[in-house]
>>> print(open('upload-v7.pdb').read())   # PDB, C-alpha atoms, pLDDT in the B column
ATOM      1  CA  MET A  18     -25.634   6.489  -8.118  1.00 41.00           C
ATOM      2  CA  THR A  19     -22.984   7.862  -5.784  1.00 40.00           C
ATOM      3  CA  MET A  20     -22.124   6.677  -2.306  1.00 40.00           C
ATOM      4  CA  LEU A  21     -20.396   8.684   0.432  1.00 39.00           C
ATOM      5  CA  TYR A  22     -17.374   7.010   2.009  1.00 39.00           C
ATOM      6  CA  ASN A  23     -15.531   7.833   5.217  1.00 38.00           C
ATOM      7  CA  THR A  24     -11.962   6.541   5.119  1.00 41.00           C
ATOM      8  CA  GLY A  25     -11.542   6.736   8.880  1.00 40.00           C
ATOM      9  CA  THR A  26      -9.298   9.772   8.579  1.00 40.00           C
ATOM     10  CA  ARG A  27     -12.119  12.289   8.607  1.00 42.00           C
ATOM     11  CA  THR A  28     -11.846  12.384   4.854  1.00 43.00           C
ATOM     12  CA  HIS A  29     -15.110  11.968   2.992  1.00 45.00           C
ATOM     13  CA  PHE A  30     -15.397  11.358  -0.704  1.00 50.00           C
ATOM     14  CA  GLU A  31     -18.130  10.303  -3.060  1.00 56.00           C
ATOM     15  CA  VAL A  32     -17.789   7.160  -5.119  1.00 56.00           C
ATOM     16  CA  ASN A  33     -19.509   6.963  -8.461  1.00 57.00           C
ATOM     17  CA  LYS A  34     -20.946   3.451  -8.669  1.00 65.00           C
ATOM     18  CA  ASN A  35     -21.846   4.004 -12.357  1.00 78.00           C
ATOM     19  CA  VAL A  36     -18.283   4.456 -13.614  1.00 87.00           C
ATOM     20  CA  GLU A  37     -18.068   4.313 -17.381  1.00 94.00           C
ATOM     21  CA  TYR A  38     -14.965   2.756 -18.873  1.00 97.00           C
ATOM     22  CA  LYS A  39     -13.934   0.840 -21.941  1.00 97.00           C
ATOM     23  CA  VAL A  40     -11.426  -1.939 -22.367  1.00 98.00           C
ATOM     24  CA  ILE A  41      -9.760  -2.539 -25.718  1.00 98.00           C
ATOM     25  CA  ASP A  42      -7.714  -5.701 -26.188  1.00 98.00           C
ATOM     26  CA  ASN A  43      -5.089  -5.937 -28.953  1.00 98.00           C
ATOM     27  CA  PHE A  44      -4.851  -2.153 -28.898  1.00 98.00           C
ATOM     28  CA  LEU A  45      -1.616  -1.819 -30.897  1.00 98.00           C
ATOM     29  CA  ASN A  46      -0.666  -3.739 -34.007  1.00 98.00           C
ATOM     30  CA  GLU A  47       2.204  -6.209 -33.529  1.00 98.00           C
ATOM     31  CA  HIS A  48       4.794  -3.975 -35.207  1.00 98.00           C
ATOM     32  CA  ASP A  49       4.078  -0.991 -32.934  1.00 98.00           C
ATOM     33  CA  LEU A  50       3.769  -3.215 -29.858  1.00 98.00           C
ATOM     34  CA  LYS A  51       7.120  -4.911 -30.546  1.00 98.00           C
ATOM     35  CA  LYS A  52       8.865  -1.547 -31.027  1.00 98.00           C
ATOM     36  CA  LEU A  53       7.431  -0.327 -27.703  1.00 98.00           C
ATOM     37  CA  GLU A  54       8.286  -3.545 -25.844  1.00 98.00           C
ATOM     38  CA  ASP A  55      11.818  -3.664 -27.268  1.00 98.00           C
ATOM     39  CA  MET A  56      12.511  -0.380 -25.489  1.00 98.00           C
ATOM     40  CA  VAL A  57      10.298  -0.228 -22.409  1.00 98.00           C
ATOM     41  CA  MET A  58      10.733  -3.860 -21.376  1.00 98.00           C
ATOM     42  CA  SER A  59      14.480  -3.893 -22.078  1.00 97.00           C
ATOM     43  CA  ALA A  60      17.459  -3.515 -19.768  1.00 96.00           C
ATOM     44  CA  TYR A  61      18.133  -0.182 -21.491  1.00 95.00           C
ATOM     45  CA  MET A  62      14.962   1.582 -20.376  1.00 98.00           C
ATOM     46  CA  PRO A  63      15.976   4.510 -18.121  1.00 97.00           C
ATOM     47  CA  TRP A  64      13.712   3.828 -15.146  1.00 98.00           C
ATOM     48  CA  TYR A  65      13.849   6.286 -12.252  1.00 97.00           C
ATOM     49  CA  PHE A  66      13.149   5.372  -8.642  1.00 97.00           C
ATOM     50  CA  ASN A  67      10.117   7.139  -7.187  1.00 94.00           C
ATOM     51  CA  ASP A  68       9.843   6.968  -3.379  1.00 93.00           C
ATOM     52  CA  PHE A  69       6.031   7.073  -3.504  1.00 90.00           C
ATOM     53  CA  ILE A  70       3.184   6.088  -5.821  1.00 90.00           C
ATOM     54  CA  ASN A  71       0.212   8.378  -5.150  1.00 85.00           C
ATOM     55  CA  VAL A  72       1.309  11.017  -2.667  1.00 82.00           C
ATOM     56  CA  ASN A  73       4.698  11.950  -1.298  1.00 86.00           C
ATOM     57  CA  GLY A  74       5.194  10.041   1.937  1.00 82.00           C
ATOM     58  CA  ASP A  75       2.960   7.051   1.200  1.00 86.00           C
ATOM     59  CA  GLU A  76       4.424   3.646   2.032  1.00 89.00           C
ATOM     60  CA  PHE A  77       4.907   2.534  -1.587  1.00 92.00           C
ATOM     61  CA  PHE A  78       7.545   2.942  -4.286  1.00 95.00           C
ATOM     62  CA  GLN A  79       7.781   2.356  -8.012  1.00 96.00           C
ATOM     63  CA  PHE A  80      10.028   3.031 -10.960  1.00 97.00           C
ATOM     64  CA  ILE A  81       8.813   5.626 -13.451  1.00 97.00           C
ATOM     65  CA  TYR A  82       9.652   7.135 -16.789  1.00 98.00           C
ATOM     66  CA  GLY A  83       8.040  10.435 -17.714  1.00 97.00           C
ATOM     67  CA  PHE A  84       7.476  10.690 -21.455  1.00 98.00           C
ATOM     68  CA  ILE A  85       5.469  13.911 -21.134  1.00 97.00           C
ATOM     69  CA  HIS A  86       5.253  16.114 -18.031  1.00 95.00           C
ATOM     70  CA  ILE A  87       1.965  17.423 -16.628  1.00 90.00           C
ATOM     71  CA  GLY A  88       0.901  20.234 -18.948  1.00 90.00           C
ATOM     72  CA  GLY A  89       2.105  18.515 -22.113  1.00 92.00           C
ATOM     73  CA  GLU A  90       5.832  19.313 -22.065  1.00 93.00           C
ATOM     74  CA  PRO A  91       7.887  16.482 -23.648  1.00 94.00           C
ATOM     75  CA  ASN A  92      10.510  14.961 -21.370  1.00 94.00           C
ATOM     76  CA  CYS A  93      12.296  12.663 -23.784  1.00 94.00           C
ATOM     77  CA  ASP A  94      14.016  12.420 -27.142  1.00 95.00           C
ATOM     78  CA  GLU A  95      12.442  11.957 -30.570  1.00 96.00           C
ATOM     79  CA  PHE A  96      12.721   8.161 -30.516  1.00 96.00           C
ATOM     80  CA  MET A  97      10.895   7.849 -27.207  1.00 97.00           C
ATOM     81  CA  MET A  98       8.219  10.292 -28.395  1.00 97.00           C
ATOM     82  CA  SER A  99       7.792   8.209 -31.561  1.00 97.00           C
ATOM     83  CA  LEU A 100       6.718   5.285 -29.367  1.00 98.00           C
ATOM     84  CA  LEU A 101       3.650   7.322 -28.371  1.00 98.00           C
ATOM     85  CA  GLU A 102       2.561   8.207 -31.917  1.00 98.00           C
ATOM     86  CA  PRO A 103       0.476   5.028 -32.463  1.00 98.00           C
ATOM     87  CA  PHE A 104      -1.474   5.896 -29.297  1.00 98.00           C
ATOM     88  CA  ARG A 105      -2.063   9.477 -30.407  1.00 98.00           C
ATOM     89  CA  LEU A 106      -3.340   8.316 -33.795  1.00 98.00           C
ATOM     90  CA  LYS A 107      -5.519   5.511 -32.450  1.00 97.00           C
ATOM     91  CA  LEU A 108      -7.016   7.709 -29.708  1.00 98.00           C
ATOM     92  CA  LYS A 109      -7.465  10.583 -32.178  1.00 97.00           C
ATOM     93  CA  VAL A 110      -5.978  13.195 -29.855  1.00 96.00           C
ATOM     94  CA  ASN A 111      -3.879  16.186 -30.852  1.00 95.00           C
ATOM     95  CA  SER A 112      -1.690  16.064 -27.770  1.00 94.00           C
ATOM     96  CA  PHE A 113      -1.328  14.437 -24.378  1.00 96.00           C
ATOM     97  CA  GLN A 114      -1.429  16.291 -21.058  1.00 95.00           C
ATOM     98  CA  ARG A 115       0.840  13.703 -19.441  1.00 96.00           C
ATOM     99  CA  VAL A 116       2.279  10.286 -20.278  1.00 98.00           C
ATOM    100  CA  LYS A 117       4.138   8.239 -17.687  1.00 97.00           C
ATOM    101  CA  ALA A 118       5.340   4.643 -17.574  1.00 98.00           C
ATOM    102  CA  ASN A 119       5.140   2.848 -14.208  1.00 98.00           C
ATOM    103  CA  LEU A 120       6.981  -0.280 -13.136  1.00 98.00           C
ATOM    104  CA  ALA A 121       5.818  -1.985  -9.935  1.00 97.00           C
ATOM    105  CA  THR A 122       7.968  -4.817  -8.638  1.00 97.00           C
ATOM    106  CA  LYS A 123       6.771  -8.256  -7.597  1.00 97.00           C
ATOM    107  CA  THR A 124       5.445  -8.578  -4.040  1.00 97.00           C
ATOM    108  CA  ASN A 125       4.592 -11.602  -1.864  1.00 97.00           C
ATOM    109  CA  LYS A 126       0.897 -10.679  -1.948  1.00 97.00           C
ATOM    110  CA  ILE A 127      -1.109  -8.311  -4.153  1.00 97.00           C
ATOM    111  CA  VAL A 128      -0.837  -4.764  -2.816  1.00 96.00           C
ATOM    112  CA  GLU A 129      -3.259  -2.058  -3.941  1.00 96.00           C
ATOM    113  CA  HIS A 130      -1.620   1.361  -3.976  1.00 95.00           C
ATOM    114  CA  GLY A 131      -4.631   3.481  -3.056  1.00 93.00           C
ATOM    115  CA  MET A 132      -7.451   5.262  -4.814  1.00 95.00           C
ATOM    116  CA  HIS A 133      -6.530   8.467  -6.612  1.00 93.00           C
ATOM    117  CA  THR A 134      -7.221  10.491  -9.737  1.00 93.00           C
ATOM    118  CA  ASP A 135      -4.488  11.446 -12.168  1.00 85.00           C
ATOM    119  CA  ARG A 136      -5.957  14.900 -12.796  1.00 78.00           C
ATOM    120  CA  SER A 137      -8.606  15.951 -10.290  1.00 72.00           C
ATOM    121  CA  ASN A 138     -11.187  18.565 -11.273  1.00 73.00           C
ATOM    122  CA  ALA A 139     -10.157  18.341 -14.917  1.00 77.00           C
ATOM    123  CA  ILE A 140     -11.930  17.445 -18.124  1.00 87.00           C
ATOM    124  CA  GLY A 141     -10.500  14.616 -20.153  1.00 94.00           C
ATOM    125  CA  LYS A 142      -9.622  10.962 -20.121  1.00 96.00           C
ATOM    126  CA  THR A 143      -7.194   8.687 -18.345  1.00 97.00           C
ATOM    127  CA  GLY A 144      -5.871   5.662 -20.191  1.00 98.00           C
ATOM    128  CA  VAL A 145      -3.840   2.729 -18.921  1.00 98.00           C
ATOM    129  CA  PHE A 146      -1.913   0.537 -21.354  1.00 98.00           C
ATOM    130  CA  TYR A 147      -0.672  -2.820 -20.052  1.00 98.00           C
ATOM    131  CA  LEU A 148       2.708  -3.945 -21.375  1.00 98.00           C
ATOM    132  CA  ASN A 149       2.737  -7.355 -19.723  1.00 98.00           C
ATOM    133  CA  THR A 150       0.302  -9.965 -18.524  1.00 98.00           C
ATOM    134  CA  CYS A 151       0.359 -10.596 -14.793  1.00 98.00           C
ATOM    135  CA  ASN A 152      -2.076 -10.960 -11.891  1.00 98.00           C
ATOM    136  CA  GLY A 153      -1.897  -7.238 -11.110  1.00 98.00           C
ATOM    137  CA  TYR A 154      -4.788  -4.973 -12.040  1.00 98.00           C
ATOM    138  CA  THR A 155      -6.333  -1.536 -12.091  1.00 98.00           C
ATOM    139  CA  LYS A 156      -9.240  -1.184  -9.677  1.00 98.00           C
ATOM    140  CA  LEU A 157     -11.885   1.455 -10.378  1.00 97.00           C
ATOM    141  CA  GLU A 158     -13.819   3.236  -7.632  1.00 96.00           C
ATOM    142  CA  ASN A 159     -16.898   1.099  -8.304  1.00 95.00           C
ATOM    143  CA  GLY A 160     -14.897  -2.039  -7.420  1.00 96.00           C
ATOM    144  CA  LYS A 161     -14.367  -3.247 -11.002  1.00 97.00           C
ATOM    145  CA  LYS A 162     -10.906  -4.745 -11.555  1.00 98.00           C
ATOM    146  CA  ILE A 163      -9.293  -4.649 -14.989  1.00 98.00           C
ATOM    147  CA  LYS A 164      -6.662  -7.358 -15.249  1.00 98.00           C
ATOM    148  CA  SER A 165      -3.193  -6.578 -16.528  1.00 98.00           C
ATOM    149  CA  LYS A 166      -3.075  -8.161 -19.960  1.00 98.00           C
ATOM    150  CA  ARG A 167      -0.411  -7.500 -22.578  1.00 98.00           C
ATOM    151  CA  ASN A 168      -1.601  -5.026 -25.240  1.00 98.00           C
ATOM    152  CA  ARG A 169      -4.773  -4.075 -23.354  1.00 98.00           C
ATOM    153  CA  TYR A 170      -5.924  -0.470 -23.039  1.00 98.00           C
ATOM    154  CA  VAL A 171      -8.517   0.824 -20.582  1.00 98.00           C
ATOM    155  CA  GLU A 172      -9.983   4.333 -20.746  1.00 98.00           C
ATOM    156  CA  PHE A 173     -12.107   6.231 -18.217  1.00 96.00           C
ATOM    157  CA  ASP A 174     -12.925   9.776 -17.161  1.00 95.00           C
ATOM    158  CA  CYS A 175      -9.933  11.533 -15.581  1.00 93.00           C
ATOM    159  CA  ASN A 176     -11.951  12.239 -12.411  1.00 92.00           C
ATOM    160  CA  THR A 177     -12.582   8.517 -11.817  1.00 94.00           C
ATOM    161  CA  ARG A 178     -10.797   7.293  -8.718  1.00 95.00           C
ATOM    162  CA  HIS A 179      -8.683   4.207  -9.371  1.00 97.00           C
ATOM    163  CA  SER A 180      -5.840   2.202  -7.897  1.00 97.00           C
ATOM    164  CA  GLY A 181      -3.035   0.204  -9.395  1.00 97.00           C
ATOM    165  CA  SER A 182      -1.612  -2.883  -7.765  1.00 97.00           C
ATOM    166  CA  SER A 183       1.515  -4.956  -7.571  1.00 97.00           C
ATOM    167  CA  CYS A 184       1.687  -8.515  -8.918  1.00 98.00           C
ATOM    168  CA  THR A 185       2.866 -11.810  -7.457  1.00 98.00           C
ATOM    169  CA  ASP A 186       3.346 -13.974 -10.550  1.00 98.00           C
ATOM    170  CA  GLU A 187       5.852 -11.913 -12.590  1.00 98.00           C
ATOM    171  CA  LYS A 188       8.967  -9.916 -11.668  1.00 98.00           C
ATOM    172  CA  ARG A 189       7.262  -6.650 -12.621  1.00 98.00           C
ATOM    173  CA  ARG A 190       4.002  -5.036 -13.680  1.00 98.00           C
ATOM    174  CA  VAL A 191       4.498  -2.381 -16.360  1.00 98.00           C
ATOM    175  CA  VAL A 192       1.865   0.088 -17.515  1.00 98.00           C
ATOM    176  CA  ILE A 193       1.841   3.373 -19.382  1.00 98.00           C
ATOM    177  CA  ASN A 194      -0.590   6.015 -18.096  1.00 98.00           C
ATOM    178  CA  PHE A 195      -2.036   8.562 -20.493  1.00 98.00           C
ATOM    179  CA  ASN A 196      -3.889  11.763 -19.634  1.00 96.00           C
ATOM    180  CA  TYR A 197      -5.579  13.666 -22.469  1.00 95.00           C
TER
END
>>> encode(input="upload-v7.pdb", output="structure tokens")
Amino acid sequence: MTMLYNTGTRTHFEVNKNVEYKVIDNFLNEHDLKKLEDMVMSAYMPWYFNDFINVNGDEFFQFIYGFIHIGGEPNCDEFMMSLLEPFRLKLKVNSFQRVKANLATKTNKIVEHGMHTDRSNAIGKTGVFYLNTCNGYTKLENGKKIKSKRNRYVEFDCNTRHSGSSCTDEKRRVVINFNY
């Protein structure tokens, strides 16, 4: 079932109320998870300030690290790419279209960053891997919220509208987004 929404800005979009998704807890083994955390959650991770989250000019900001640019071009060294290999093997994909880490800072109240798709009008999957447990979440267009839980992976169709959020109970919310 789809429902037509009017956002008040003369923009209409359909929302698929039958969104299919899967959540996998304990996605990585402890060895691979520790290797990933030791880099991404460390003071040595090269985070870059991004003055928006969904579209240039929105009111949000985040810190990002682009492992792989849109189109599949690597943007990092061999060590950083090696951190993605357990995902590639577990997901049984030959290559990723894009992989990006996002760090949202703590806010006084939960802030949703707006519905969007990572790759509109494309065929494929979007995956979100949660590096830390916090009260932030990913909200799907059907209203379902997937809580940020360390070592959790959620997968859905790349055309599914979704929103990330900030958190209020930890200093940061860190996820890695995969498109394949």
>>> atom_distance(input="upload-v7.pdb", atom1="CA of Phe69 (chain A)", atom2="CA of Lys188 (chain A)")
19.1 Å
>>> resolve_selection(input="upload-v7.pdb", expression="the PyMOL selection byres ((chain A and resi 65) around 10)", output="list in words")
Met62, Pro63, Trp64, Phe66, Asn67, Asp68, Gln79, Phe80, Ile81, Tyr82, Gly83, Asn119 and Leu120 of chain A
>>> closest_residue(input="upload-v7.pdb", among="A:Lys52, A:Lys123, A:Lys164, A:His130", to="Val40 (chain A)", atoms="all atoms listed in the file")
A:Lys164
>>> atom_distance(input="upload-v7.pdb", atom1="CA of Asn168 (chain A)", atom2="CA of Ser183 (chain A)")
17.9 Å
>>> resolve_selection(input="upload-v7.pdb", expression="the PyMOL selection byres ((chain A and resi 101-113) around 12)", output="count of residues only")
49
>>> atom_distance(input="upload-v7.pdb", atom1="CA of Val191 (chain A)", atom2="CA of Thr177 (chain A)")
20.8 Å
